$ cat final.cif   # mmCIF, N, CA and C atoms
data_coords
#
loop_
_atom_site.group_PDB
_atom_site.id
_atom_site.type_symbol
_atom_site.label_atom_id
_atom_site.label_comp_id
_atom_site.auth_asym_id
_atom_site.auth_seq_id
_atom_site.Cartn_x
_atom_site.Cartn_y
_atom_site.Cartn_z
ATOM 1 N N MET A 1 -0.683 54.688 47.317
ATOM 2 C CA MET A 1 -0.209 53.400 47.724
ATOM 3 C C MET A 1 1.148 53.608 48.385
ATOM 4 N N SER A 2 1.349 52.913 49.486
ATOM 5 C CA SER A 2 2.657 52.990 50.121
ATOM 6 C C SER A 2 2.937 51.684 50.850
ATOM 7 N N TRP A 3 4.182 51.447 51.129
ATOM 8 C CA TRP A 3 4.571 50.248 51.848
ATOM 9 C C TRP A 3 5.781 50.552 52.694
ATOM 10 N N ARG A 4 5.943 49.753 53.739
ATOM 11 C CA ARG A 4 7.058 49.925 54.668
ATOM 12 C C ARG A 4 7.819 48.611 54.792
ATOM 13 N N TYR A 5 9.089 48.703 55.035
ATOM 14 C CA TYR A 5 9.894 47.524 55.332
ATOM 15 C C TYR A 5 11.072 47.961 56.178
ATOM 16 N N ASN A 6 11.692 47.023 56.841
ATOM 17 C CA ASN A 6 12.863 47.319 57.658
ATOM 18 C C ASN A 6 14.115 46.936 56.893
ATOM 19 N N GLN A 7 15.129 47.710 57.071
ATOM 20 C CA GLN A 7 16.388 47.455 56.388
ATOM 21 C C GLN A 7 17.529 47.710 57.355
ATOM 22 N N THR A 8 18.538 46.845 57.310
ATOM 23 C CA THR A 8 19.727 47.051 58.123
ATOM 24 C C THR A 8 20.665 47.983 57.378
ATOM 25 N N ARG A 9 21.093 49.023 58.042
ATOM 26 C CA ARG A 9 22.011 49.985 57.433
ATOM 27 C C ARG A 9 23.276 50.084 58.264
ATOM 28 N N VAL A 10 24.395 50.293 57.607
ATOM 29 C CA VAL A 10 25.664 50.500 58.299
ATOM 30 C C VAL A 10 25.771 51.977 58.654
ATOM 31 N N VAL A 11 26.080 52.257 59.900
ATOM 32 C CA VAL A 11 26.220 53.640 60.358
ATOM 33 C C VAL A 11 27.701 53.988 60.489
ATOM 34 N N HIS A 12 27.984 55.235 60.765
ATOM 35 C CA HIS A 12 29.371 55.731 60.735
ATOM 36 C C HIS A 12 30.315 55.012 61.699
ATOM 37 N N ASN A 13 29.814 54.475 62.806
ATOM 38 C CA ASN A 13 30.711 53.789 63.743
ATOM 39 C C ASN A 13 30.865 52.300 63.420
ATOM 40 N N GLY A 14 30.326 51.848 62.273
ATOM 41 C CA GLY A 14 30.508 50.486 61.824
ATOM 42 C C GLY A 14 29.442 49.508 62.296
ATOM 43 N N LEU A 15 28.589 49.930 63.223
ATOM 44 C CA LEU A 15 27.524 49.060 63.702
ATOM 45 C C LEU A 15 26.319 49.164 62.776
ATOM 46 N N GLU A 16 25.559 48.087 62.747
ATOM 47 C CA GLU A 16 24.359 48.102 61.927
ATOM 48 C C GLU A 16 23.149 48.388 62.803
ATOM 49 N N LYS A 17 22.142 48.986 62.218
ATOM 50 C CA LYS A 17 20.908 49.219 62.957
ATOM 51 C C LYS A 17 19.731 49.002 62.020
ATOM 52 N N TRP A 18 18.578 48.656 62.589
ATOM 53 C CA TRP A 18 17.365 48.508 61.800
ATOM 54 C C TRP A 18 16.769 49.881 61.566
ATOM 55 N N GLU A 19 16.339 50.100 60.347
ATOM 56 C CA GLU A 19 15.742 51.386 60.011
ATOM 57 C C GLU A 19 14.480 51.130 59.205
ATOM 58 N N SER A 20 13.406 51.748 59.602
ATOM 59 C CA SER A 20 12.148 51.596 58.884
ATOM 60 C C SER A 20 12.190 52.432 57.606
ATOM 61 N N ILE A 21 11.926 51.791 56.478
ATOM 62 C CA ILE A 21 11.948 52.470 55.180
ATOM 63 C C ILE A 21 10.514 52.611 54.694
ATOM 64 N N HIS A 22 10.132 53.778 54.242
ATOM 65 C CA HIS A 22 8.779 54.026 53.755
ATOM 66 C C HIS A 22 8.842 54.404 52.282
ATOM 67 N N ASN A 23 8.179 53.622 51.434
ATOM 68 C CA ASN A 23 8.109 53.908 50.004
ATOM 69 C C ASN A 23 6.674 54.250 49.648
ATOM 70 N N GLY A 24 6.499 55.115 48.651
ATOM 71 C CA GLY A 24 5.153 55.489 48.255
ATOM 72 C C GLY A 24 5.023 55.716 46.762
ATOM 73 N N LEU A 25 3.793 55.602 46.292
ATOM 74 C CA LEU A 25 3.465 55.883 44.906
ATOM 75 C C LEU A 25 2.212 56.753 44.927
ATOM 76 N N THR A 26 2.313 57.953 44.377
ATOM 77 C CA THR A 26 1.212 58.902 44.388
ATOM 78 C C THR A 26 0.786 59.206 42.963
ATOM 79 N N VAL A 27 -0.521 59.208 42.742
ATOM 80 C CA VAL A 27 -1.070 59.558 41.441
ATOM 81 C C VAL A 27 -2.002 60.738 41.637
ATOM 82 N N SER A 28 -1.791 61.814 40.872
ATOM 83 C CA SER A 28 -2.618 63.015 40.988
ATOM 84 C C SER A 28 -2.665 63.730 39.642
ATOM 85 N N ARG A 29 -3.336 64.863 39.605
ATOM 86 C CA ARG A 29 -3.371 65.708 38.404
ATOM 87 C C ARG A 29 -2.748 67.055 38.730
ATOM 88 N N ASN A 30 -2.035 67.597 37.768
ATOM 89 C CA ASN A 30 -1.444 68.916 37.983
ATOM 90 C C ASN A 30 -2.369 70.002 37.428
ATOM 91 N N ASP A 31 -1.932 71.249 37.497
ATOM 92 C CA ASP A 31 -2.770 72.369 37.050
ATOM 93 C C ASP A 31 -2.980 72.396 35.538
ATOM 94 N N LYS A 32 -2.178 71.629 34.786
ATOM 95 C CA LYS A 32 -2.339 71.547 33.335
ATOM 96 C C LYS A 32 -3.275 70.412 32.936
ATOM 97 N N GLY A 33 -3.781 69.643 33.908
ATOM 98 C CA GLY A 33 -4.668 68.535 33.629
ATOM 99 C C GLY A 33 -3.951 67.227 33.334
ATOM 100 N N LEU A 34 -2.622 67.232 33.419
ATOM 101 C CA LEU A 34 -1.855 66.009 33.191
ATOM 102 C C LEU A 34 -1.855 65.147 34.445
ATOM 103 N N ILE A 35 -1.794 63.840 34.253
ATOM 104 C CA ILE A 35 -1.706 62.904 35.367
ATOM 105 C C ILE A 35 -0.249 62.839 35.808
ATOM 106 N N VAL A 36 -0.026 62.936 37.100
ATOM 107 C CA VAL A 36 1.325 62.915 37.664
ATOM 108 C C VAL A 36 1.476 61.641 38.494
ATOM 109 N N ILE A 37 2.462 60.819 38.136
ATOM 110 C CA ILE A 37 2.793 59.609 38.888
ATOM 111 C C ILE A 37 4.144 59.857 39.535
ATOM 112 N N GLU A 38 4.171 59.777 40.871
ATOM 113 C CA GLU A 38 5.376 60.129 41.607
ATOM 114 C C GLU A 38 5.758 58.998 42.559
ATOM 115 N N SER A 39 6.991 58.533 42.448
ATOM 116 C CA SER A 39 7.524 57.504 43.324
ATOM 117 C C SER A 39 8.426 58.171 44.355
ATOM 118 N N SER A 40 8.302 57.742 45.620
ATOM 119 C CA SER A 40 9.115 58.375 46.658
ATOM 120 C C SER A 40 9.632 57.343 47.648
ATOM 121 N N GLU A 41 10.726 57.701 48.299
ATOM 122 C CA GLU A 41 11.276 56.899 49.393
ATOM 123 C C GLU A 41 11.554 57.834 50.542
ATOM 124 N N MET A 42 11.038 57.482 51.706
ATOM 125 C CA MET A 42 11.196 58.292 52.910
ATOM 126 C C MET A 42 10.694 59.721 52.680
ATOM 127 N N GLY A 43 9.644 59.866 51.875
ATOM 128 C CA GLY A 43 9.044 61.164 51.624
ATOM 129 C C GLY A 43 9.736 62.002 50.567
ATOM 130 N N VAL A 44 10.822 61.500 49.988
ATOM 131 C CA VAL A 44 11.570 62.242 48.976
ATOM 132 C C VAL A 44 11.250 61.655 47.604
ATOM 133 N N ALA A 45 10.765 62.479 46.698
ATOM 134 C CA ALA A 45 10.393 62.008 45.359
ATOM 135 C C ALA A 45 11.647 61.692 44.558
ATOM 136 N N HIS A 46 11.678 60.505 43.967
ATOM 137 C CA HIS A 46 12.806 60.092 43.139
ATOM 138 C C HIS A 46 12.460 60.114 41.656
ATOM 139 N N VAL A 47 11.215 59.762 41.343
ATOM 140 C CA VAL A 47 10.792 59.682 39.954
ATOM 141 C C VAL A 47 9.440 60.367 39.840
ATOM 142 N N LYS A 48 9.294 61.195 38.823
ATOM 143 C CA LYS A 48 8.037 61.894 38.606
ATOM 144 C C LYS A 48 7.735 61.884 37.113
ATOM 145 N N PHE A 49 6.596 61.281 36.746
ATOM 146 C CA PHE A 49 6.166 61.228 35.353
ATOM 147 C C PHE A 49 4.900 62.048 35.185
ATOM 148 N N GLU A 50 4.802 62.774 34.100
ATOM 149 C CA GLU A 50 3.575 63.463 33.732
ATOM 150 C C GLU A 50 3.071 62.828 32.446
ATOM 151 N N ILE A 51 1.828 62.326 32.465
ATOM 152 C CA ILE A 51 1.274 61.674 31.285
ATOM 153 C C ILE A 51 -0.106 62.259 30.987
ATOM 154 N N ASN A 52 -0.485 62.232 29.713
ATOM 155 C CA ASN A 52 -1.815 62.712 29.331
ATOM 156 C C ASN A 52 -2.797 61.536 29.362
ATOM 157 N N ASP A 53 -4.071 61.815 29.056
ATOM 158 C CA ASP A 53 -5.099 60.779 29.133
ATOM 159 C C ASP A 53 -4.838 59.627 28.160
ATOM 160 N N GLU A 54 -4.338 59.935 26.973
ATOM 161 C CA GLU A 54 -4.046 58.889 25.991
ATOM 162 C C GLU A 54 -2.935 57.966 26.497
ATOM 163 N N GLN A 55 -1.877 58.563 27.051
ATOM 164 C CA GLN A 55 -0.789 57.763 27.610
ATOM 165 C C GLN A 55 -1.280 56.947 28.801
ATOM 166 N N ARG A 56 -2.187 57.515 29.594
ATOM 167 C CA ARG A 56 -2.758 56.787 30.726
ATOM 168 C C ARG A 56 -3.467 55.531 30.244
ATOM 169 N N ASP A 57 -4.283 55.665 29.196
ATOM 170 C CA ASP A 57 -5.006 54.509 28.663
ATOM 171 C C ASP A 57 -4.046 53.414 28.212
ATOM 172 N N GLU A 58 -2.945 53.807 27.573
ATOM 173 C CA GLU A 58 -1.946 52.832 27.146
ATOM 174 C C GLU A 58 -1.284 52.160 28.348
ATOM 175 N N LEU A 59 -0.985 52.945 29.382
ATOM 176 C CA LEU A 59 -0.372 52.404 30.593
ATOM 177 C C LEU A 59 -1.309 51.418 31.281
ATOM 178 N N VAL A 60 -2.581 51.753 31.396
ATOM 179 C CA VAL A 60 -3.560 50.863 32.019
ATOM 180 C C VAL A 60 -3.656 49.564 31.223
ATOM 181 N N GLU A 61 -3.630 49.648 29.903
ATOM 182 C CA GLU A 61 -3.683 48.450 29.056
ATOM 183 C C GLU A 61 -2.468 47.557 29.301
ATOM 184 N N ILE A 62 -1.292 48.155 29.388
ATOM 185 C CA ILE A 62 -0.063 47.388 29.648
ATOM 186 C C ILE A 62 -0.131 46.731 31.019
ATOM 187 N N LEU A 63 -0.557 47.483 32.025
ATOM 188 C CA LEU A 63 -0.632 46.931 33.385
ATOM 189 C C LEU A 63 -1.672 45.820 33.474
ATOM 190 N N ALA A 64 -2.767 45.946 32.736
ATOM 191 C CA ALA A 64 -3.809 44.917 32.753
ATOM 192 C C ALA A 64 -3.277 43.600 32.176
ATOM 193 N N ARG A 65 -2.411 43.687 31.181
ATOM 194 C CA ARG A 65 -1.839 42.472 30.596
ATOM 195 C C ARG A 65 -0.890 41.776 31.559
ATOM 196 N N LEU A 66 -0.278 42.529 32.469
ATOM 197 C CA LEU A 66 0.674 41.962 33.419
ATOM 198 C C LEU A 66 -0.016 41.237 34.570
ATOM 199 N N CYS A 67 -1.251 41.583 34.827
ATOM 200 C CA CYS A 67 -1.975 40.980 35.980
ATOM 201 C C CYS A 67 -2.641 39.689 35.633
#
$ encode --input "final.cif" --output "structure tokens"
Amino acid sequence: MSWRYNQTRVVHNGLEKWESIHNGLTVSRNDKGLIVIESSEMGVAHVKFEINDEQRDELVEILARLC
């Protein structure tokens, strides 16, 4: 899952410019069989969680209650 939005940023000469921001959320499995949830901005990972199947089930239950 990913999404894009535009944001005004201040640059070194004091002028503002529009910049396209790309955010993403990736879910995969690592070589140990753990589920990896990774959040990124502009292709750079900021948060990375590794969870097992039991934790996944709990997370899905929590998310289902929020919807």
$ residues_around --input "final.cif" --residues "stretch 27-33 of chain A" --least-positions-apart "5" --cutoff "8 Å" --atoms "all atoms listed in the file" --output "list in words"
Met1, Glu38, Ser39, Ile51, Asn52 and Asp53 of chain A
$ atom_distance --input "final.cif" --atom1 "atom CA of A:Val47" --atom2 "atom CA of A:Gly24"
10.9 Å
$ atom_distance --input "final.cif" --atom1 "atom CA of A:Asp57" --atom2 "atom CA of A:Met42"
29.4 Å
$ residues_near_point --input "final.cif" --point "(9.7, 55.0, 53.2)" --cutoff "5 Å" --atoms "all atoms listed in the file" --output "tab-separated table (two decimals) with N, CA and C atoms, in the frame of the given file"
chain	number	residue	atom	x	y	z
A	21	ILE	N	11.93	51.79	56.48
A	21	ILE	CA	11.95	52.47	55.18
A	21	ILE	C	10.51	52.61	54.69
A	22	HIS	N	10.13	53.78	54.24
A	22	HIS	CA	8.78	54.03	53.76
A	22	HIS	C	8.84	54.40	52.28
A	23	ASN	N	8.18	53.62	51.43
A	23	ASN	CA	8.11	53.91	50.00
A	23	ASN	C	6.67	54.25	49.65
A	41	GLU	N	10.73	57.70	48.30
A	41	GLU	CA	11.28	56.90	49.39
A	41	GLU	C	11.55	57.83	50.54
A	42	MET	N	11.04	57.48	51.71
A	42	MET	CA	11.20	58.29	52.91
A	42	MET	C	10.69	59.72	52.68
